[in-house]
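Note: the block below is upload14.txt and it holds compact mmCIF, C-alpha atoms and all ligand atoms.
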# COMPACT_ATOMS: atom_id res chain seq x y z
CA MET A 1 107.69 95.69 115.23
CA SER A 2 107.64 94.35 118.75
CA PHE A 3 104.47 94.46 120.85
CA GLN A 4 103.94 93.69 124.50
CA LEU A 5 100.59 92.05 125.23
CA LYS A 6 98.98 91.18 128.53
CA VAL A 7 96.65 88.24 127.97
CA ASN A 8 94.88 86.51 130.84
CA GLY A 9 97.33 88.22 133.19
CA VAL A 10 100.39 86.86 131.38
CA GLU A 11 102.87 89.00 129.41
CA TYR A 12 103.62 88.03 125.80
CA ARG A 13 105.85 89.63 123.22
CA ALA A 14 104.96 89.49 119.56
CA ASP A 15 107.31 90.51 116.78
CA VAL A 16 104.81 91.11 114.00
CA PRO A 17 103.63 93.92 111.70
CA ALA A 18 101.43 96.49 113.48
CA SER A 19 98.38 95.60 111.40
CA THR A 20 98.45 91.89 112.29
CA PRO A 21 95.02 90.90 113.61
CA LEU A 22 94.97 90.26 117.33
CA ALA A 23 93.26 86.90 116.68
CA GLN A 24 96.24 85.76 114.63
CA VAL A 25 98.68 86.90 117.29
CA LEU A 26 96.75 85.17 120.05
CA ARG A 27 96.67 81.91 118.12
CA ASP A 28 100.07 81.88 116.44
CA GLU A 29 102.31 83.89 118.77
CA CYS A 30 100.68 83.28 122.18
CA GLY A 31 99.54 79.71 121.48
CA LEU A 32 96.02 80.54 122.68
CA ARG A 33 93.99 78.66 120.10
CA GLY A 34 90.67 78.83 121.94
CA THR A 35 89.95 82.06 120.10
CA LYS A 36 88.60 81.02 116.70
CA LEU A 37 89.10 82.69 113.37
CA GLY A 38 85.95 82.37 111.30
CA CYS A 39 84.88 85.03 108.82
CA GLY A 40 87.79 87.37 109.54
CA GLN A 41 85.42 90.25 108.77
CA GLY A 42 83.73 91.09 112.06
CA GLU A 43 80.55 89.21 111.25
CA CYS A 44 80.52 85.88 113.09
CA GLY A 45 81.88 86.68 116.57
CA ALA A 46 83.95 83.50 116.76
CA CYS A 47 87.03 85.61 117.51
CA SER A 48 85.45 87.56 120.40
CA VAL A 49 87.76 88.44 123.28
CA LEU A 50 87.57 90.96 126.10
CA MET A 51 89.82 93.98 125.71
CA GLY A 52 89.72 96.39 128.61
CA GLY A 53 86.56 94.58 129.73
CA ARG A 54 84.73 95.14 126.43
CA VAL A 55 84.00 92.54 123.78
CA VAL A 56 85.95 93.09 120.57
CA CYS A 57 86.32 91.13 117.36
CA SER A 58 89.95 90.16 117.52
CA CYS A 59 89.98 89.51 113.76
CA LEU A 60 89.44 93.23 113.18
CA THR A 61 91.61 94.51 116.01
CA PRO A 62 95.20 95.24 114.93
CA VAL A 63 97.78 94.15 117.44
CA CYS A 64 99.02 97.74 117.79
CA ARG A 65 95.64 98.70 119.31
CA ALA A 66 95.67 95.77 121.72
CA ALA A 67 99.14 96.40 123.13
CA GLY A 68 99.01 97.68 126.70
CA GLN A 69 95.35 96.73 127.22
CA PRO A 70 94.26 93.85 129.44
CA ILE A 71 92.99 91.07 127.20
CA THR A 72 90.96 88.07 128.31
CA THR A 73 90.46 85.06 126.07
CA ILE A 74 88.40 81.94 126.66
CA GLU A 75 91.45 80.34 128.30
CA GLY A 76 91.41 83.03 130.99
CA ILE A 77 87.72 83.37 131.71
CA ALA A 78 87.48 80.87 134.59
CA PRO A 79 88.68 81.95 138.04
CA ASN A 80 90.55 78.66 138.67
CA ARG A 81 92.50 77.44 135.73
CA ILE A 82 93.94 73.98 135.26
CA GLY A 83 97.63 74.20 135.95
CA ARG A 84 97.12 76.51 138.92
CA GLY A 85 97.45 74.25 141.92
CA ASP A 86 95.20 71.27 142.38
CA VAL A 87 92.23 72.26 140.20
CA SER A 88 89.83 69.67 138.78
CA VAL A 89 88.27 70.08 135.33
CA GLU A 90 84.90 70.92 136.92
CA ASP A 91 86.39 73.57 139.19
CA SER A 92 88.28 75.06 136.27
CA LEU A 93 85.10 76.10 134.43
CA HIS A 94 83.39 79.47 134.51
CA PRO A 95 79.67 79.21 135.44
CA VAL A 96 78.77 80.14 131.86
CA GLN A 97 80.93 77.30 130.53
CA GLN A 98 79.33 74.84 132.95
CA ALA A 99 75.83 76.02 131.99
CA PHE A 100 76.67 75.54 128.28
CA ILE A 101 77.62 71.94 129.04
CA ASP A 102 74.58 71.30 131.22
CA HIS A 103 72.19 72.68 128.60
CA GLY A 104 73.88 71.03 125.62
CA ALA A 105 74.41 74.51 124.20
CA LEU A 106 77.21 73.47 121.87
CA GLN A 107 77.59 71.04 119.01
CA CYS A 108 80.65 71.56 116.82
CA GLY A 109 81.90 74.11 119.38
CA PHE A 110 83.38 76.53 116.87
CA CYS A 111 81.23 79.45 118.04
CA THR A 112 81.40 78.50 121.72
CA PRO A 113 84.46 80.46 122.90
CA GLY A 114 83.11 83.65 121.36
CA MET A 115 79.62 82.97 122.71
CA VAL A 116 80.96 82.41 126.22
CA ILE A 117 83.03 85.58 126.08
CA ALA A 118 80.02 87.59 124.90
CA ALA A 119 77.83 85.99 127.57
CA CYS A 120 80.33 86.84 130.32
CA ALA A 121 80.41 90.47 129.18
CA LEU A 122 76.62 90.52 129.07
CA LEU A 123 76.30 89.14 132.62
CA ALA A 124 78.82 91.70 133.87
CA ARG A 125 76.49 94.40 132.53
CA HIS A 126 73.21 92.65 133.39
CA PRO A 127 73.52 90.18 136.28
CA ASP A 128 69.77 89.44 136.00
CA PRO A 129 69.15 89.70 132.25
CA THR A 130 65.84 89.31 130.48
CA GLU A 131 65.67 86.93 127.54
CA GLU A 132 65.67 89.95 125.22
CA GLN A 133 68.86 91.25 126.82
CA VAL A 134 70.51 87.87 126.34
CA ILE A 135 69.47 87.78 122.68
CA ASP A 136 70.68 91.35 122.28
CA GLY A 137 73.99 90.61 124.04
CA LEU A 138 74.70 87.64 121.76
CA THR A 139 73.53 89.27 118.58
CA GLY A 140 77.02 89.55 117.11
CA ASN A 141 77.77 85.85 117.65
CA LEU A 142 76.57 83.40 115.04
CA CYS A 143 75.97 79.68 115.54
CA ARG A 144 75.15 77.41 112.64
CA CYS A 145 74.43 74.32 114.76
CA THR A 146 72.29 74.84 117.84
CA GLY A 147 69.38 77.03 116.79
CA TYR A 148 70.29 79.37 119.71
CA ARG A 149 67.53 78.20 122.11
CA LYS A 150 69.88 76.13 124.25
CA ILE A 151 72.47 78.89 124.27
CA ILE A 152 69.92 81.43 125.51
CA ASP A 153 68.71 78.99 128.18
CA ALA A 154 72.30 78.35 129.27
CA VAL A 155 73.04 82.05 129.68
CA LEU A 156 69.83 82.67 131.63
CA ASP A 157 70.65 79.71 133.86
CA ALA A 158 74.26 80.85 134.35
CA ALA A 159 72.93 84.23 135.49
CA LYS A 160 70.66 82.51 138.00
CA ARG A 161 73.51 80.35 139.31
CA ARG A 162 75.82 83.33 139.67
CA ARG A 163 73.21 85.26 141.64
CA ALA A 164 72.72 82.26 143.93
CA THR A 165 76.40 82.05 144.91
S1 LIG A 201 86.34 85.82 112.80
FE1 LIG A 201 86.10 87.73 113.74
S2 LIG A 201 84.00 88.18 113.53
FE2 LIG A 201 84.26 86.33 112.42
S1 LIG A 202 78.00 74.90 117.97
FE1 LIG A 202 78.62 74.80 115.88
S2 LIG A 202 78.65 76.87 115.26
FE2 LIG A 202 77.77 76.93 117.23

What is this file in structure tokens?
Amino acid sequence: MSFQLKVNGVEYRADVPASTPLAQVLRDECGLRGTKLGCGQGECGACSVLMGGRVVCSCLTPVCRAAGQPITTIEGIAPNRIGRGDVSVEDSLHPVQQAFIDHGALQCGFCTPGMVIAACALLARHPDPTEEQVIDGLTGNLCRCTGYRKIIDAVLDAAKRRRAT
């Protein structure tokens, strides 16, 4: 079947079976490999994307459910993307991405796109989150490297920076 997807504001067409996981379509058909495929069972959060503004596990979301909904992946989270005019690497980062770098909140980086997506959704709901709200907002995203402390600090700091701008 043929599906029309709108990802990061760009239209894509995917000729795949209706049950194909959105994560697979994003990576293989759209070439958006920032979204990671980890467990494939809805347990690690590495595949998190925004669909209609809500975080979903794209490994469990069939492409037929995603068609027609606005989808945002890690490649589309920053307001100024490289490739759009004269944008430097620094200016191309979302505040959450910059805070992750500044706090050393990533090691292997496999969980990072999903973490950043979940953090962005959390900050949209709670611009001034408590530590408990951050922990709660990231509860579906697993990281085997960092021990989470730096990630939590990065999200709290990103919230502070966003409120200051
Ligand atoms: S790959 Fe989707 S939750 Fe793990
Ligand atoms: S940085 Fe390696 S899994 Fe999180």

Please identify every polymer residue within 10 Å of ligand LIG 201 (chain A), using only C-alpha atoms and all ligand atoms, and present the set as a list in words.
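After applying the 10 Å limit, what remains is Pro21, Leu22, Ala23, Thr35, Lys36, Leu37, Gly38, Cys39, Gly40, Gln41, Gly42, Glu43, Cys44, Gly45, Ala46, Cys47, Ser48, Val49, Val56, Cys57, Ser58, Cys59, Leu60, Thr61, Cys111, Gly114, Gly140, Asn141 and Leu142 of chain A.
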
Looking at A:Ala159, A:Cys108, A:Leu50, A:Leu122, which one is nearest to ligand LIG 202 (chain A), with distances taken over only C-alpha atoms and all ligand atoms?
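Comparing A:Ala159, A:Cys108, A:Leu50, A:Leu122 against ligand LIG 202 (chain A), the winner is A:Cys108.
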
So, counting only C-alpha atoms, which residue among A:Leu93, A:Leu156, A:Ala99, A:Leu5 is closest to Ala78 in chain A?
A:Leu93

Taking only C-alpha atoms and all ligand atoms into account, which of A:Thr73, A:Gln107, A:Gln98, A:Ser92 comes nearest ligand LIG 202 (chain A)?
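Of A:Thr73, A:Gln107, A:Gln98, A:Ser92, the one nearest ligand LIG 202 (chain A), counting only C-alpha atoms and all ligand atoms, is A:Gln107.
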
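The nearest approach to Gly31 in chain A among the residues A:Glu75, A:Gln97, A:Arg54, A:Phe110, with all atoms listed in the file taken into account, belongs to A:Glu75.
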
Could you work out how far CA of Leu138 in chain A lies from CA of Gly52 in chain A, giving the answer in Å with one decimal?
18.7 Å

Size and centre in Å, one decimal, axis-aligned box, all listed ligand LIG 202 (chain A) atoms plus 5 Å per side, as JSON:
{"center_x": 78.2, "center_y": 75.9, "center_z": 116.6, "size_x": 10.9, "size_y": 12.1, "size_z": 12.7}

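For the set A:Arg149, A:Arg163, A:Arg125, A:Arg13, the residue with the smallest atom-to-atom gap to Ala67 in chain A is A:Arg13, counting only C-alpha atoms.
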
Here is a test: counting all atoms listed in the file, which residue of A:Val116, A:Ile101, A:Val134, A:Ala18 is nearest to Ile77 in chain A?
A:Val116

Point-to-point distance in Å for CA of His126 in chain A and CA of Leu32 in chain A
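Separation between CA of Leu32 in chain A and CA of His126 in chain A: 28.0 Å.
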
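Taking CA of Asp157 in chain A and CA of Val7 in chain A as endpoints, the distance between them is 28.0 Å.
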
Just so I have it separately, write range 37-76 of chain A from the block I sent, keeping N, CA and C atoms, as a compact mmCIF listing (two decimals), in the first residue's frame.
# COMPACT_ATOMS: atom_id res chain seq x y z
N LEU A 37 16.14 2.12 16.56
CA LEU A 37 15.33 0.93 16.79
C LEU A 37 16.08 0.06 17.79
N GLY A 38 15.58 -0.01 19.01
CA GLY A 38 16.23 -0.80 20.04
C GLY A 38 15.50 -2.10 20.26
N CYS A 39 14.64 -2.12 21.28
CA CYS A 39 13.96 -3.37 21.65
C CYS A 39 12.91 -3.78 20.63
N GLY A 40 12.29 -2.79 19.97
CA GLY A 40 11.21 -3.11 19.03
C GLY A 40 9.95 -3.57 19.72
N GLN A 41 9.89 -3.38 21.05
CA GLN A 41 8.73 -3.87 21.81
C GLN A 41 8.12 -2.82 22.73
N GLY A 42 8.43 -1.56 22.50
CA GLY A 42 7.82 -0.52 23.32
C GLY A 42 8.41 -0.39 24.72
N GLU A 43 9.61 -0.88 24.91
CA GLU A 43 10.15 -0.87 26.28
C GLU A 43 11.34 0.04 26.51
N CYS A 44 12.05 0.45 25.47
CA CYS A 44 13.28 1.22 25.71
C CYS A 44 13.15 2.70 25.38
N GLY A 45 12.20 3.06 24.53
CA GLY A 45 12.01 4.48 24.19
C GLY A 45 12.97 5.04 23.16
N ALA A 46 13.88 4.22 22.67
CA ALA A 46 14.87 4.72 21.71
C ALA A 46 14.21 5.20 20.41
N CYS A 47 13.03 4.70 20.14
CA CYS A 47 12.34 5.00 18.89
C CYS A 47 11.33 6.14 19.04
N SER A 48 11.36 6.85 20.17
CA SER A 48 10.34 7.88 20.45
C SER A 48 10.33 8.97 19.40
N VAL A 49 9.15 9.30 18.94
CA VAL A 49 8.93 10.44 18.05
C VAL A 49 7.66 11.15 18.53
N LEU A 50 7.45 12.36 18.04
CA LEU A 50 6.20 13.06 18.34
C LEU A 50 5.22 12.82 17.19
N MET A 51 4.02 12.41 17.56
CA MET A 51 2.98 12.23 16.55
C MET A 51 1.77 13.03 17.03
N GLY A 52 1.41 14.04 16.26
CA GLY A 52 0.34 14.93 16.72
C GLY A 52 0.69 15.57 18.06
N GLY A 53 1.98 15.80 18.29
CA GLY A 53 2.43 16.47 19.51
C GLY A 53 2.62 15.56 20.70
N ARG A 54 2.25 14.27 20.56
CA ARG A 54 2.40 13.33 21.67
C ARG A 54 3.53 12.35 21.39
N VAL A 55 4.21 11.93 22.45
CA VAL A 55 5.30 10.97 22.28
C VAL A 55 4.70 9.59 22.00
N VAL A 56 5.20 8.94 20.95
CA VAL A 56 4.80 7.56 20.69
C VAL A 56 6.06 6.73 20.44
N CYS A 57 5.93 5.44 20.70
CA CYS A 57 6.98 4.50 20.33
C CYS A 57 6.77 4.16 18.86
N SER A 58 7.69 4.61 18.03
CA SER A 58 7.47 4.39 16.60
C SER A 58 7.70 2.93 16.20
N CYS A 59 8.29 2.14 17.11
CA CYS A 59 8.45 0.71 16.80
C CYS A 59 7.12 -0.03 16.90
N LEU A 60 6.19 0.54 17.68
CA LEU A 60 4.89 -0.12 17.88
C LEU A 60 3.79 0.55 17.07
N THR A 61 4.12 1.64 16.40
CA THR A 61 3.10 2.38 15.66
C THR A 61 3.11 1.95 14.20
N PRO A 62 2.05 1.30 13.72
CA PRO A 62 2.03 0.92 12.31
C PRO A 62 1.92 2.15 11.42
N VAL A 63 2.53 2.09 10.29
CA VAL A 63 2.56 3.26 9.40
C VAL A 63 1.15 3.72 9.04
N CYS A 64 0.20 2.80 8.99
CA CYS A 64 -1.17 3.20 8.62
C CYS A 64 -1.77 4.13 9.67
N ARG A 65 -1.33 4.04 10.94
CA ARG A 65 -1.84 4.95 11.97
C ARG A 65 -1.14 6.31 11.91
N ALA A 66 0.05 6.33 11.37
CA ALA A 66 0.84 7.57 11.34
C ALA A 66 0.48 8.45 10.13
N ALA A 67 -0.05 7.83 9.11
CA ALA A 67 -0.35 8.59 7.88
C ALA A 67 -1.33 9.71 8.19
N GLY A 68 -1.03 10.90 7.70
CA GLY A 68 -1.92 12.05 7.88
C GLY A 68 -1.70 12.81 9.17
N GLN A 69 -0.84 12.29 10.06
CA GLN A 69 -0.57 12.98 11.33
C GLN A 69 0.78 13.69 11.24
N PRO A 70 0.89 14.87 11.84
CA PRO A 70 2.21 15.52 11.84
C PRO A 70 3.18 14.75 12.74
N ILE A 71 4.32 14.41 12.18
CA ILE A 71 5.32 13.63 12.91
C ILE A 71 6.59 14.48 13.03
N THR A 72 7.16 14.47 14.22
CA THR A 72 8.44 15.16 14.43
C THR A 72 9.45 14.16 14.94
N THR A 73 10.59 14.09 14.27
CA THR A 73 11.68 13.22 14.71
C THR A 73 12.81 14.11 15.25
N ILE A 74 13.84 13.48 15.73
CA ILE A 74 14.96 14.25 16.28
C ILE A 74 15.54 15.20 15.24
N GLU A 75 15.46 14.84 13.97
CA GLU A 75 16.01 15.71 12.92
C GLU A 75 15.22 17.00 12.78
N GLY A 76 13.97 17.01 13.29
CA GLY A 76 13.12 18.18 13.09
C GLY A 76 12.85 18.96 14.35
